[in-house]
$ cat my_file.txt   # compact mmCIF, C-alpha atoms and all ligand atoms
# COMPACT_ATOMS: atom_id res chain seq x y z
CA MET V 1 12.30 11.12 -22.49
CA GLY V 2 11.74 14.79 -21.61
CA PHE V 3 9.12 14.46 -18.89
CA LEU V 4 11.19 11.88 -16.99
CA SER V 5 14.18 14.13 -16.59
CA SER V 6 11.89 17.04 -15.73
CA VAL V 7 10.60 15.04 -12.75
CA GLY V 8 14.05 13.96 -11.65
CA VAL V 9 13.81 10.26 -12.50
CA GLU V 10 17.38 9.94 -13.74
CA LYS V 11 18.59 10.46 -10.16
CA SER V 12 17.48 6.94 -9.18
CA GLU V 13 20.07 4.23 -9.55
CA VAL V 14 20.08 0.48 -9.24
CA LYS V 15 21.75 -0.37 -5.97
CA LYS V 16 24.75 -2.58 -6.64
CA HIS V 17 25.12 -5.64 -4.46
CA PHE V 18 26.93 -8.51 -6.06
CA VAL V 19 26.77 -12.04 -4.73
CA ARG V 20 27.85 -14.51 -7.39
CA HIS V 21 25.19 -16.95 -8.62
CA GLY V 22 24.88 -19.76 -11.16
CA PHE V 23 22.20 -20.03 -13.87
CA ILE V 24 21.30 -22.99 -16.06
CA PHE V 25 19.47 -22.07 -19.26
CA ALA V 26 17.83 -24.59 -21.56
CA CYS V 27 18.19 -25.05 -25.31
CA THR V 28 17.18 -27.68 -27.85
CA ASP V 29 19.01 -29.42 -30.70
CA LYS V 30 17.79 -26.63 -32.98
CA SER V 31 19.23 -23.79 -30.90
CA GLU V 32 22.36 -25.31 -29.28
CA GLU V 33 24.88 -24.57 -32.02
CA THR V 34 23.66 -20.97 -32.52
CA LEU V 35 23.82 -20.17 -28.81
CA LEU V 36 27.23 -21.76 -28.24
CA SER V 37 28.86 -20.23 -31.31
CA ASN V 38 27.42 -16.75 -30.66
CA ARG V 39 28.19 -17.01 -26.92
CA ILE V 40 24.70 -15.84 -26.11
CA ILE V 41 21.69 -17.08 -24.13
CA LEU V 42 18.27 -16.14 -25.49
CA THR V 43 14.89 -16.63 -23.85
CA GLY V 44 11.25 -15.84 -24.41
CA LYS V 45 8.91 -14.27 -21.84
CA ASN V 46 8.62 -17.39 -19.66
CA TYR V 47 12.26 -17.27 -18.48
CA ALA V 48 12.88 -13.55 -19.02
CA ASN V 49 12.79 -12.74 -15.29
CA LYS V 50 15.35 -15.46 -14.53
CA LEU V 51 17.64 -14.19 -17.29
CA PHE V 52 17.36 -10.64 -15.96
CA ALA V 53 18.57 -11.85 -12.54
CA VAL V 54 21.98 -12.60 -14.11
CA LYS V 55 24.73 -10.12 -13.25
CA GLU V 56 28.05 -9.67 -15.02
CA GLY V 57 30.46 -12.35 -13.73
CA ASP V 58 27.80 -14.92 -12.77
CA PHE V 59 28.23 -18.57 -13.80
CA ILE V 60 26.18 -19.77 -16.76
CA PHE V 61 25.51 -23.31 -17.98
CA LEU V 62 23.60 -24.42 -21.07
CA TYR V 63 21.37 -27.48 -20.88
CA ASN V 64 20.25 -29.23 -24.09
CA LEU V 65 16.84 -30.68 -23.24
CA ASP V 66 16.77 -32.95 -26.31
CA LYS V 67 20.17 -34.56 -25.73
CA ASP V 68 20.12 -34.25 -21.90
CA VAL V 69 23.61 -32.75 -22.07
CA LEU V 70 24.96 -29.90 -19.94
CA TYR V 71 27.62 -27.47 -21.24
CA GLY V 72 29.82 -25.05 -19.31
CA THR V 73 31.29 -23.38 -17.49
CA PHE V 74 30.60 -19.89 -18.84
CA THR V 75 30.76 -16.42 -17.30
CA ALA V 76 28.13 -13.74 -17.93
CA LYS V 77 29.54 -10.84 -19.93
CA GLY V 78 27.81 -7.47 -19.58
CA GLU V 79 24.27 -7.12 -18.28
CA PRO V 80 21.10 -8.77 -19.63
CA GLY V 81 19.30 -6.99 -22.44
CA TYR V 82 16.04 -6.89 -24.36
CA ASP V 83 16.00 -6.45 -28.14
CA LYS V 84 12.82 -7.32 -29.98
CA ASP V 85 14.67 -6.95 -33.28
CA ILE V 86 17.52 -9.30 -32.37
CA PRO V 87 18.51 -10.96 -35.67
CA ILE V 88 18.63 -14.51 -34.26
CA PHE V 89 15.56 -16.82 -34.49
CA GLU V 90 13.60 -13.90 -36.03
CA GLY V 91 13.43 -12.09 -32.70
CA ARG V 92 11.28 -14.80 -31.05
CA TYR V 93 13.59 -14.81 -28.01
CA PRO V 94 14.27 -11.13 -27.37
CA TYR V 95 15.82 -11.37 -23.86
CA TYR V 96 19.55 -12.03 -23.97
CA ILE V 97 22.73 -12.30 -21.94
CA ARG V 98 26.16 -12.72 -23.52
CA PHE V 99 28.77 -15.00 -22.00
CA GLU V 100 32.43 -15.85 -22.34
CA THR V 101 34.58 -18.81 -21.54
CA THR V 102 38.28 -18.99 -20.82
CA GLN V 103 38.58 -22.77 -21.25
CA THR V 104 37.41 -25.26 -23.86
CA ILE V 105 33.73 -26.00 -23.41
CA LYS V 106 33.13 -29.04 -21.18
CA LYS V 107 30.03 -31.23 -21.36
CA VAL V 108 28.37 -33.98 -19.32
CA GLU V 109 25.82 -36.52 -20.57
CA LYS V 110 22.71 -37.61 -18.63
CA ALA V 111 22.49 -34.21 -17.00
CA SER V 112 18.99 -34.88 -15.66
CA SER V 113 20.30 -37.69 -13.43
CA ILE V 114 22.96 -35.29 -12.10
CA PHE V 115 20.26 -32.71 -11.30
CA ARG V 116 18.25 -35.46 -9.58
CA SER V 117 21.21 -36.63 -7.51
CA LEU V 118 21.81 -33.01 -6.41
CA ASN V 119 18.06 -32.60 -5.74
CA ILE V 120 17.87 -29.52 -7.98
CA SER V 121 16.05 -28.51 -11.16
CA TRP V 122 17.70 -26.69 -14.06
CA ARG V 123 15.19 -23.91 -13.36
CA ASP V 124 16.69 -23.24 -9.91
CA ILE V 125 19.08 -20.36 -9.31
CA LEU V 126 22.31 -21.70 -7.83
CA THR V 127 24.43 -20.16 -5.13
CA GLU V 128 28.12 -19.68 -5.88
CA LYS V 129 28.76 -22.97 -4.07
CA GLY V 130 26.14 -24.72 -6.22
CA ALA V 131 27.63 -23.31 -9.42
CA LEU V 132 31.14 -24.42 -8.40
CA LEU V 133 29.78 -27.88 -7.70
CA ILE V 134 28.38 -28.13 -11.26
CA LYS V 135 31.66 -26.73 -12.60
CA ASN V 136 33.55 -29.48 -10.77
CA ILE V 137 31.22 -32.13 -12.18
CA LEU V 138 31.84 -30.77 -15.70
CA GLU V 139 35.58 -30.96 -15.07
CA GLY V 140 35.32 -34.55 -13.81
CA ARG V 141 36.33 -33.67 -10.24
CA ALA V 142 35.00 -35.22 -7.07
CA ILE V 143 32.36 -33.18 -5.27
CA ASN V 144 32.05 -32.47 -1.57
CA ARG V 145 29.02 -33.10 0.59
CA PHE V 146 26.47 -30.28 0.68
CA ARG V 147 23.00 -29.34 1.93
CA LYS V 148 20.37 -28.28 -0.62
CA GLU V 149 19.98 -24.78 0.87
CA GLU V 150 23.74 -24.26 0.37
CA ILE V 151 23.49 -24.80 -3.39
CA VAL V 152 20.10 -23.29 -4.33
CA ASP V 153 19.13 -19.66 -3.64
CA ASP V 154 15.34 -19.84 -3.68
CA LYS V 155 14.82 -16.31 -2.28
CA TYR V 156 16.93 -14.50 -4.88
CA ILE V 157 13.90 -13.75 -7.05
CA PRO V 158 10.26 -14.35 -6.10
CA PRO V 159 8.17 -16.91 -8.00
CA MET V 160 6.14 -15.84 -11.03
CA MET V 161 2.52 -16.41 -10.06
CA THR V 162 0.37 -18.46 -12.39
CA THR V 163 -2.90 -18.63 -10.42
CA THR V 164 -5.07 -15.87 -8.99
CA LEU V 165 -3.98 -16.70 -5.42
CA TRP V 166 -0.73 -14.89 -4.66
CA ASP V 167 1.27 -15.62 -1.56
CA TYR V 168 4.87 -14.99 -0.63
CA PRO V 169 6.05 -15.05 2.98
CA TYR V 170 8.31 -11.99 2.87
CA GLN V 171 7.85 -8.29 2.08
CA SER V 172 11.11 -8.27 0.10
CA TYR V 173 13.46 -10.68 -1.68
CA GLY V 174 17.05 -10.80 -2.94
CA TYR V 175 19.97 -8.85 -1.44
CA THR V 176 18.69 -5.28 -1.68
CA LYS V 177 15.85 -3.65 0.25
CA LYS V 178 12.65 -2.96 -1.67
CA GLY V 179 10.80 -0.13 0.00
CA ASN V 180 10.89 0.02 3.77
CA ASN V 181 9.18 -2.77 5.66
CA LYS V 182 8.71 -0.40 8.62
CA TYR V 183 6.56 1.95 6.49
CA PRO V 184 2.85 1.62 7.40
CA GLY V 185 1.07 -0.31 4.66
CA VAL V 186 4.25 -1.12 2.70
CA THR V 187 3.56 -3.15 -0.46
CA PRO V 188 4.95 -6.69 -0.71
CA ALA V 189 7.62 -6.37 -3.42
CA PHE V 190 6.74 -9.66 -5.15
CA ILE V 191 3.43 -8.12 -6.28
CA ILE V 192 5.17 -5.36 -8.22
CA TYR V 193 7.77 -7.85 -9.52
CA ASN V 194 5.02 -10.08 -10.93
CA LEU V 195 3.13 -7.17 -12.46
CA ILE V 196 6.08 -5.66 -14.27
CA TRP V 197 7.20 -9.00 -15.70
CA ARG V 198 3.66 -9.76 -16.86
CA TYR V 199 2.72 -6.38 -18.30
CA THR V 200 5.88 -4.47 -19.26
CA GLU V 201 9.17 -4.94 -21.06
CA PRO V 202 12.60 -3.74 -19.90
CA GLY V 203 12.97 -0.01 -20.52
CA GLU V 204 9.23 0.71 -20.33
CA ILE V 205 7.81 3.29 -17.93
CA VAL V 206 6.02 2.42 -14.70
CA CYS V 207 4.22 5.02 -12.58
CA ASP V 208 3.30 4.77 -8.90
CA PRO V 209 1.25 7.84 -7.88
CA MET V 210 1.05 6.84 -4.17
CA ALA V 211 4.57 5.53 -3.73
CA GLY V 212 4.94 5.50 0.10
CA SER V 213 8.38 4.09 0.90
CA GLY V 214 9.22 3.49 -2.78
CA THR V 215 8.89 -0.30 -3.18
CA THR V 216 7.86 0.19 -6.81
CA ILE V 217 10.98 2.26 -7.53
CA ASP V 218 13.35 -0.34 -6.09
CA VAL V 219 11.74 -3.28 -7.90
CA CYS V 220 11.53 -1.42 -11.22
CA LEU V 221 15.14 -0.28 -11.21
CA GLU V 222 16.44 -3.75 -10.42
CA GLU V 223 14.33 -5.15 -13.27
CA ARG V 224 15.47 -2.36 -15.61
CA ARG V 225 12.19 -0.53 -15.99
CA ARG V 226 12.03 3.26 -15.93
CA VAL V 227 9.94 4.48 -13.05
CA VAL V 228 8.30 7.68 -11.95
CA ALA V 229 6.86 7.88 -8.45
CA PHE V 230 4.79 10.45 -6.53
CA ASP V 231 3.36 10.78 -3.05
CA ILE V 232 1.59 13.54 -1.17
CA VAL V 233 4.44 13.30 1.38
CA PRO V 234 7.60 11.92 -0.26
CA THR V 235 9.76 9.74 2.00
CA ARG V 236 12.87 9.84 -0.25
CA LYS V 237 14.38 12.07 -2.90
CA ASP V 238 13.39 9.93 -5.90
CA ILE V 239 9.69 10.35 -4.99
CA ILE V 240 8.18 13.57 -6.29
CA GLN V 241 5.65 15.52 -4.24
CA ALA V 242 2.29 15.47 -6.01
CA ASP V 243 -1.37 14.78 -5.41
CA ALA V 244 -2.44 11.56 -7.16
CA ARG V 245 -5.59 13.42 -8.27
CA ASN V 246 -3.40 15.71 -10.33
CA ILE V 247 -0.41 13.71 -11.63
CA PRO V 248 2.18 15.95 -13.34
CA LEU V 249 2.65 13.72 -16.40
CA LYS V 250 1.48 14.13 -19.97
CA ASP V 251 -1.38 12.05 -21.43
CA GLU V 252 -0.65 8.47 -22.52
CA THR V 253 3.01 8.37 -21.49
CA VAL V 254 3.11 5.41 -19.10
CA ASP V 255 3.21 1.61 -19.72
CA LEU V 256 1.94 0.45 -16.32
CA VAL V 257 0.40 2.18 -13.31
CA PHE V 258 0.55 0.53 -9.91
CA VAL V 259 -1.52 1.94 -7.04
CA ASP V 260 -1.52 0.74 -3.45
CA SER V 261 -3.90 3.37 -2.11
CA PRO V 262 -5.09 3.92 1.46
CA TYR V 263 -7.90 1.47 2.28
CA GLY V 264 -9.74 4.03 4.39
CA ASP V 265 -8.55 5.88 7.48
CA ASN V 266 -7.23 2.78 9.29
CA ILE V 267 -3.52 3.72 8.88
CA LYS V 268 -1.93 7.04 9.75
CA TYR V 269 0.52 7.84 6.93
CA ASN V 270 1.07 11.55 7.58
CA ASP V 271 -0.75 14.74 8.54
CA HIS V 272 -0.93 16.29 5.06
CA PRO V 273 -4.45 17.75 4.54
CA LEU V 274 -4.66 16.20 1.04
CA ASN V 275 -3.85 12.69 2.29
CA ILE V 276 -6.79 10.52 1.16
CA GLY V 277 -5.97 8.22 4.08
CA HIS V 278 -7.78 10.68 6.39
CA ILE V 279 -11.16 9.81 4.84
CA PRO V 280 -13.02 6.78 6.26
CA ALA V 281 -13.95 3.98 3.83
CA SER V 282 -17.53 4.17 5.18
CA SER V 283 -18.04 7.56 3.48
CA GLU V 284 -18.81 8.02 -0.24
CA GLU V 285 -16.26 10.85 -0.29
CA PHE V 286 -13.46 8.25 -0.01
CA TYR V 287 -14.53 6.60 -3.30
CA GLU V 288 -15.15 9.93 -5.00
CA GLU V 289 -11.59 11.07 -4.22
CA LEU V 290 -10.11 7.75 -5.35
CA GLU V 291 -12.17 7.98 -8.54
CA LYS V 292 -10.28 11.18 -9.33
CA VAL V 293 -7.04 9.17 -8.96
CA MET V 294 -8.47 6.55 -11.36
CA GLN V 295 -9.25 9.23 -13.95
CA GLU V 296 -5.67 10.48 -13.72
CA CYS V 297 -4.30 6.94 -14.08
CA TYR V 298 -6.48 6.52 -17.16
CA ARG V 299 -5.21 9.77 -18.65
CA ILE V 300 -1.48 9.02 -18.23
CA LEU V 301 -1.69 5.36 -19.30
CA LYS V 302 -0.96 4.43 -22.90
CA LYS V 303 -3.75 2.62 -24.78
CA GLY V 304 -3.72 -1.17 -24.39
CA LYS V 305 -1.79 -0.94 -21.10
CA VAL V 306 -2.64 -1.98 -17.58
CA LEU V 307 -3.44 -0.42 -14.20
CA ALA V 308 -3.12 -2.63 -11.10
CA TRP V 309 -4.76 -1.48 -7.87
CA LEU V 310 -4.12 -3.14 -4.51
CA ILE V 311 -6.94 -2.72 -2.01
CA GLY V 312 -8.31 -4.41 1.10
CA ASP V 313 -11.75 -4.51 2.69
CA GLN V 314 -12.41 -2.96 6.08
CA TRP V 315 -14.06 -4.21 9.21
CA ALA V 316 -14.29 -1.33 11.59
CA LYS V 317 -16.58 -0.30 14.44
CA GLY V 318 -18.78 -3.36 13.97
CA GLU V 319 -19.28 -2.78 10.27
CA TYR V 320 -18.01 -4.67 7.21
CA ILE V 321 -17.19 -2.44 4.22
CA PRO V 322 -16.55 -4.16 0.87
CA VAL V 323 -13.94 -1.59 -0.19
CA GLY V 324 -12.54 -3.92 -2.87
CA PHE V 325 -15.90 -4.33 -4.66
CA LYS V 326 -16.56 -0.60 -4.46
CA ILE V 327 -13.17 0.20 -5.98
CA TYR V 328 -13.70 -2.44 -8.69
CA GLU V 329 -17.05 -0.87 -9.57
CA ARG V 330 -15.51 2.58 -9.97
CA LEU V 331 -12.48 1.29 -11.90
CA THR V 332 -14.65 -0.47 -14.47
CA LYS V 333 -16.43 2.81 -15.26
CA TYR V 334 -13.22 3.71 -17.12
CA PHE V 335 -11.21 0.53 -17.67
CA SER V 336 -11.96 -2.97 -18.93
CA PRO V 337 -11.44 -5.84 -16.47
CA VAL V 338 -8.35 -8.00 -16.97
CA ASP V 339 -8.35 -10.10 -13.78
CA VAL V 340 -8.73 -10.01 -10.01
CA VAL V 341 -6.08 -11.60 -7.81
CA CYS V 342 -6.38 -12.52 -4.16
CA VAL V 343 -3.18 -11.59 -2.29
CA VAL V 344 -2.62 -13.29 1.07
CA ARG V 345 -2.00 -10.78 3.87
CA ARG V 346 1.09 -11.53 5.91
CA ASN V 347 2.73 -9.90 8.92
CA GLN V 348 -0.44 -8.08 9.94
CA ALA V 349 -0.33 -6.16 13.21
CA SER V 350 -3.62 -7.95 14.06
CA ASN V 351 -2.09 -11.41 13.65
CA THR V 352 -1.83 -11.91 17.40
CA PRO V 353 -3.56 -14.29 19.83
CA PHE V 354 -5.34 -11.25 21.30
CA TRP V 355 -6.99 -10.31 17.97
CA HIS V 356 -7.77 -13.92 17.01
CA SER V 357 -9.58 -14.32 20.30
CA LYS V 358 -11.48 -11.01 19.78
CA ALA V 359 -12.55 -12.19 16.30
CA LEU V 360 -14.22 -15.24 17.83
CA GLN V 361 -15.62 -13.42 20.84
CA HIS V 362 -17.24 -10.62 18.79
CA ASN V 363 -18.05 -12.74 15.74
CA PHE V 364 -16.02 -10.95 13.04
CA TYR V 365 -13.16 -11.96 10.75
CA LEU V 366 -9.67 -10.54 10.59
CA ARG V 367 -8.72 -9.51 7.07
CA GLY V 368 -6.85 -12.43 5.46
CA PHE V 369 -6.42 -11.12 1.91
CA LYS V 370 -6.33 -8.09 -0.33
CA TYR V 371 -7.59 -7.66 -3.88
CA LEU V 372 -5.22 -6.92 -6.69
CA ILE V 373 -7.56 -5.52 -9.33
CA ILE V 374 -6.01 -5.54 -12.80
CA VAL V 375 -7.73 -3.45 -15.44
CA GLY V 376 -6.79 -2.33 -18.92
CA LYS V 377 -7.17 0.84 -20.94
CA ASP V 378 -9.41 -0.30 -23.81
CA GLU V 379 -10.36 -3.78 -24.97
CA SER V 380 -7.14 -4.54 -26.88
CA VAL V 381 -5.43 -5.35 -23.59
CA LYS V 382 -7.34 -8.63 -23.39
CA LYS V 383 -6.31 -9.77 -26.84
CA LYS V 384 -2.55 -9.70 -26.13
CA GLY V 385 -0.63 -12.95 -25.71
CA THR V 386 -0.38 -16.15 -27.67
CA LYS V 387 -3.50 -17.98 -28.78
CA ILE V 388 -4.21 -21.03 -26.60
CA ARG V 389 -6.25 -24.03 -27.71
CA TRP V 390 -8.61 -23.93 -24.75
CA ASN V 391 -9.96 -27.43 -25.35
CA PHE V 392 -6.70 -28.69 -23.79
CA TYR V 393 -7.24 -26.68 -20.64
CA GLU V 394 -8.82 -28.81 -17.93
CA ARG V 395 -10.30 -27.18 -14.86
C1 LIG X 1 -0.47 2.01 1.14
S1 LIG X 1 0.60 3.40 1.10
C2 LIG X 1 1.67 3.03 -0.25
C3 LIG X 1 2.75 2.04 0.14
C4 LIG X 1 3.86 1.95 -0.86
N1 LIG X 1 3.44 1.28 -2.07
C5 LIG X 1 5.06 1.28 -0.26
O1 LIG X 1 5.39 0.13 -0.67
O2 LIG X 1 5.67 1.82 0.66
C6 LIG X 1 -0.44 4.68 0.49
C7 LIG X 1 0.27 5.99 0.22
O3 LIG X 1 -0.68 6.90 -0.37
C8 LIG X 1 -0.21 8.21 -0.06
N2 LIG X 1 -1.27 9.19 -0.35
C9 LIG X 1 -2.40 9.45 0.33
N3 LIG X 1 -3.10 10.42 -0.25
C10 LIG X 1 -2.41 10.80 -1.35
C11 LIG X 1 -2.64 11.74 -2.39
N4 LIG X 1 -3.70 12.55 -2.40
N5 LIG X 1 -1.72 11.83 -3.38
C12 LIG X 1 -0.61 11.04 -3.39
N6 LIG X 1 -0.34 10.16 -2.43
C13 LIG X 1 -1.23 10.00 -1.43
C14 LIG X 1 0.17 8.10 1.40
O4 LIG X 1 1.04 9.17 1.77
C15 LIG X 1 0.83 6.69 1.43
O5 LIG X 1 2.22 6.82 1.31

$ encode --input "my_file.txt" --output "C-alpha cells"
Amino acid sequence: MGFLSSVGVEKSEVKKHFVRHGFIFACTDKSEETLLSNRIILTGKNYANKLFAVKEGDFIFLYNLDKDVLYGTFTAKGEPGYDKDIPIFEGRYPYYIRFETTQTIKKVEKASSIFRSLNISWRDILTEKGALLIKNILEGRAINRFRKEEIVDDKYIPPMMTTTLWDYPYQSYGYTKKGNNKYPGVTPAFIIYNLIWRYTEPGEIVCDPMAGSGTTIDVCLEERRRVVAFDIVPTRKDIIQADARNIPLKDETVDLVFVDSPYGDNIKYNDHPLNIGHIPASSEEFYEELEKVMQECYRILKKGKVLAWLIGDQWAKGEYIPVGFKIYERLTKYFSPVDVVCVVRRNQASNTPFWHSKALQHNFYLRGFKYLIIVGKDESVKKKGTKIRWNFYER
C-alpha cells in the first residue's frame, strides 16, 4: 500500500498489554467435529469482535449449543485472523482463531446450568480467575467462592450497539488508552469501535482527517484495521499534519472515514489559523468550510463505503443552533443516508449543579446528546447485509 507508507502509517504499532482472559465460543452438532479436529474457532460477523479480543495464550472453551456440552480447556495459538476464502464451511465464518491443547479434551454436560449457577452467559468474556474456574469444573475439581465481577470482565470490550441510542459510561475501555481523555472534545472510543466492526473488515483502511488525540488510531490498531490520521495540529507522531479540506490521499482509497469535527467555536483546540474550530456555528462560513471537508471525504472514500460524522448542536449566547441538521443537509448533497444515531453525552464540563440551575433559571437546555450521522458513497451501501424477512420484525 504505497500511499500508507508515504504518510508514515507503518510507524504505528498496537500497544501490547497482556492480561489473560477466557473466551467461550459456541458451535452446533454440525460444526463441533470440524472445529475440534482442526483446532480452530470460526465465527461470522456477529461474534467477530469478541473473537478479535482473543490474544495468544488466552483460555478458550467450546460450547455445543445443541448438546449443551462444554469442551476445554484450550489455549489460543497465534492471533485472530480474517480470511474470506477460508476453505471450511465455504467461507461463511471468515473470522478465526487457532487453539492448542496439552491435555486430552475434557467435557461437561448440562453446561447451561453451570453457566446459570455461576451467573454468567457463554457470551461473557471471563477474567483469568473465571477461566480457571471453568477449567476446574471441566477437570472435576471443587471450586472456590467468588464474586461475579471477579470472573467476568465486562469492560474489556464495549458492547456492540443494536439500536440508534448509543451510550457507554466511559471514554475508553480495555487495558490500553484510546486517545487522551484530557484532550478537549475527545471522542468516546466505543463509537469508533462500533463503526469499524459494523462497516469494515480487519486489514481495511480507516481515515480520520481531524484526529485530535488519536482515538481512532488506537481503536483501529487494536482491532487490526489500517489507519491514516491527519490534524491541522498533530498531537502525536502517527498523526500527519494536513488540512482536512485538502487530504493528501488518492481518490477512492479508504474503506471508512470517521470525522469528529469542531461543533463551532465553543472549544479551543489550538491557535492554528486554518483550525475550523475558530469559526462560530452561527455563521454560514462554518458550514461552507466543513462542506469542503465532506467533498474531500467523498473523494477519498471507495464506492459503497461509509462516512460517519459526529456532531453536536449548540446553544450559545441565547441562541439555539441546529448544527446537526445543518451538517446532515450538507452531507446528503453528496452521500446517501444510512442512519442517524443519538450518542449520549457523558462527562460534560457543564454537568454541574451550577449549570443545571442556570438551565432552569434562563430557560435553556444543556446538550444531552450528539448526532452520529452515517452516510454512504452511492446507493449500494444500503443494499449490503443479509436479507431479513421484515414481516417478523415487530416494532
Ligand atoms: C473534536 S476534535 C477531534 C477529537 C479526536 N477525535 C479525539 O478523539 O481526540 C476536532 C479536531 O479537529 C481539528 N481541526 C480543526 N480544523 C482542522 C482542519 N482544517 N484540518 C484538520 N483538522 C482540523 C482540531 O485540531 C481538533 O483536533

$ residues_around --input "my_file.txt" --residues "V:Lys326" --least-positions-apart "3" --cutoff "10 Å" --atoms "all atoms listed in the file" --output "ChimeraX atom specification"
/V:281,284,287,313,321-323,329-331

$ residues_around --input "my_file.txt" --residues "V:Asp255" --least-positions-apart "5" --cutoff "10 Å" --atoms "all atoms listed in the file" --output "list of chain:residue names"
V:Ile196, V:Tyr199, V:Thr200, V:Glu201, V:Gly203, V:Glu204, V:Ile205, V:Val206, V:Cys207, V:Arg225, V:Arg226, V:Val227, V:Ile300, V:Leu301, V:Lys302, V:Lys303, V:Gly304, V:Lys305, V:Val306, V:Leu307

$ closest_atom_pairs --input "my_file.txt" --of "chain V" --to "ligand LIG 1 (chain X)" --cutoff "8 Å" --atoms "only C-alpha atoms and all ligand atoms" --output "CSV"
residue,atom,partner,partner_atom,distance
V:Lys178,CA,X:LIG1,O1,8.0
V:Gly179,CA,X:LIG1,O1,5.5
V:Asn180,CA,X:LIG1,O2,6.3
V:Asn181,CA,X:LIG1,O2,7.6
V:Tyr183,CA,X:LIG1,O2,5.9
V:Pro184,CA,X:LIG1,S1,6.9
V:Gly185,CA,X:LIG1,C1,4.5
V:Val186,CA,X:LIG1,O1,3.8
V:Thr187,CA,X:LIG1,O1,3.8
V:Pro188,CA,X:LIG1,O1,6.8
V:Ala189,CA,X:LIG1,O1,7.4
V:Asp208,CA,X:LIG1,N1,7.7
V:Pro209,CA,X:LIG1,C12,5.8
V:Met210,CA,X:LIG1,N6,4.0
V:Ala211,CA,X:LIG1,C4,4.6
V:Gly212,CA,X:LIG1,O5,3.3
V:Ser213,CA,X:LIG1,O2,3.5
V:Gly214,CA,X:LIG1,O2,5.2
V:Thr215,CA,X:LIG1,O1,4.3
V:Thr216,CA,X:LIG1,N1,6.6
V:Phe230,CA,X:LIG1,C12,6.3
V:Asp231,CA,X:LIG1,N6,3.8
V:Ile232,CA,X:LIG1,C12,4.0
V:Val233,CA,X:LIG1,O4,5.4
V:Pro234,CA,X:LIG1,O4,7.4
V:Gln241,CA,X:LIG1,C12,7.7
V:Ala242,CA,X:LIG1,C12,5.9
V:Asp243,CA,X:LIG1,N5,3.6
V:Ala244,CA,X:LIG1,N5,3.9
V:Arg245,CA,X:LIG1,N4,6.2
V:Val259,CA,X:LIG1,N1,7.1
V:Asp260,CA,X:LIG1,C1,4.9
V:Ser261,CA,X:LIG1,C6,4.5
V:Pro262,CA,X:LIG1,C6,4.8
V:Tyr263,CA,X:LIG1,C1,7.5
V:Tyr269,CA,X:LIG1,O4,5.4
V:Asn270,CA,X:LIG1,O4,6.3
V:Leu274,CA,X:LIG1,N4,5.1
V:Asn275,CA,X:LIG1,N3,3.5
V:Ile276,CA,X:LIG1,N3,4.0
V:Gly277,CA,X:LIG1,C9,5.3

$ atom_distance --input "my_file.txt" --atom1 "atom CA of V:Ile192" --atom2 "atom CA of V:Gly22"
24.6 Å

$ closest_residue --input "my_file.txt" --among "V:Val152, V:Ile88, V:Ala26, V:Ala308" --to "V:Asn64" --atoms "all atoms listed in the file"
V:Ala26
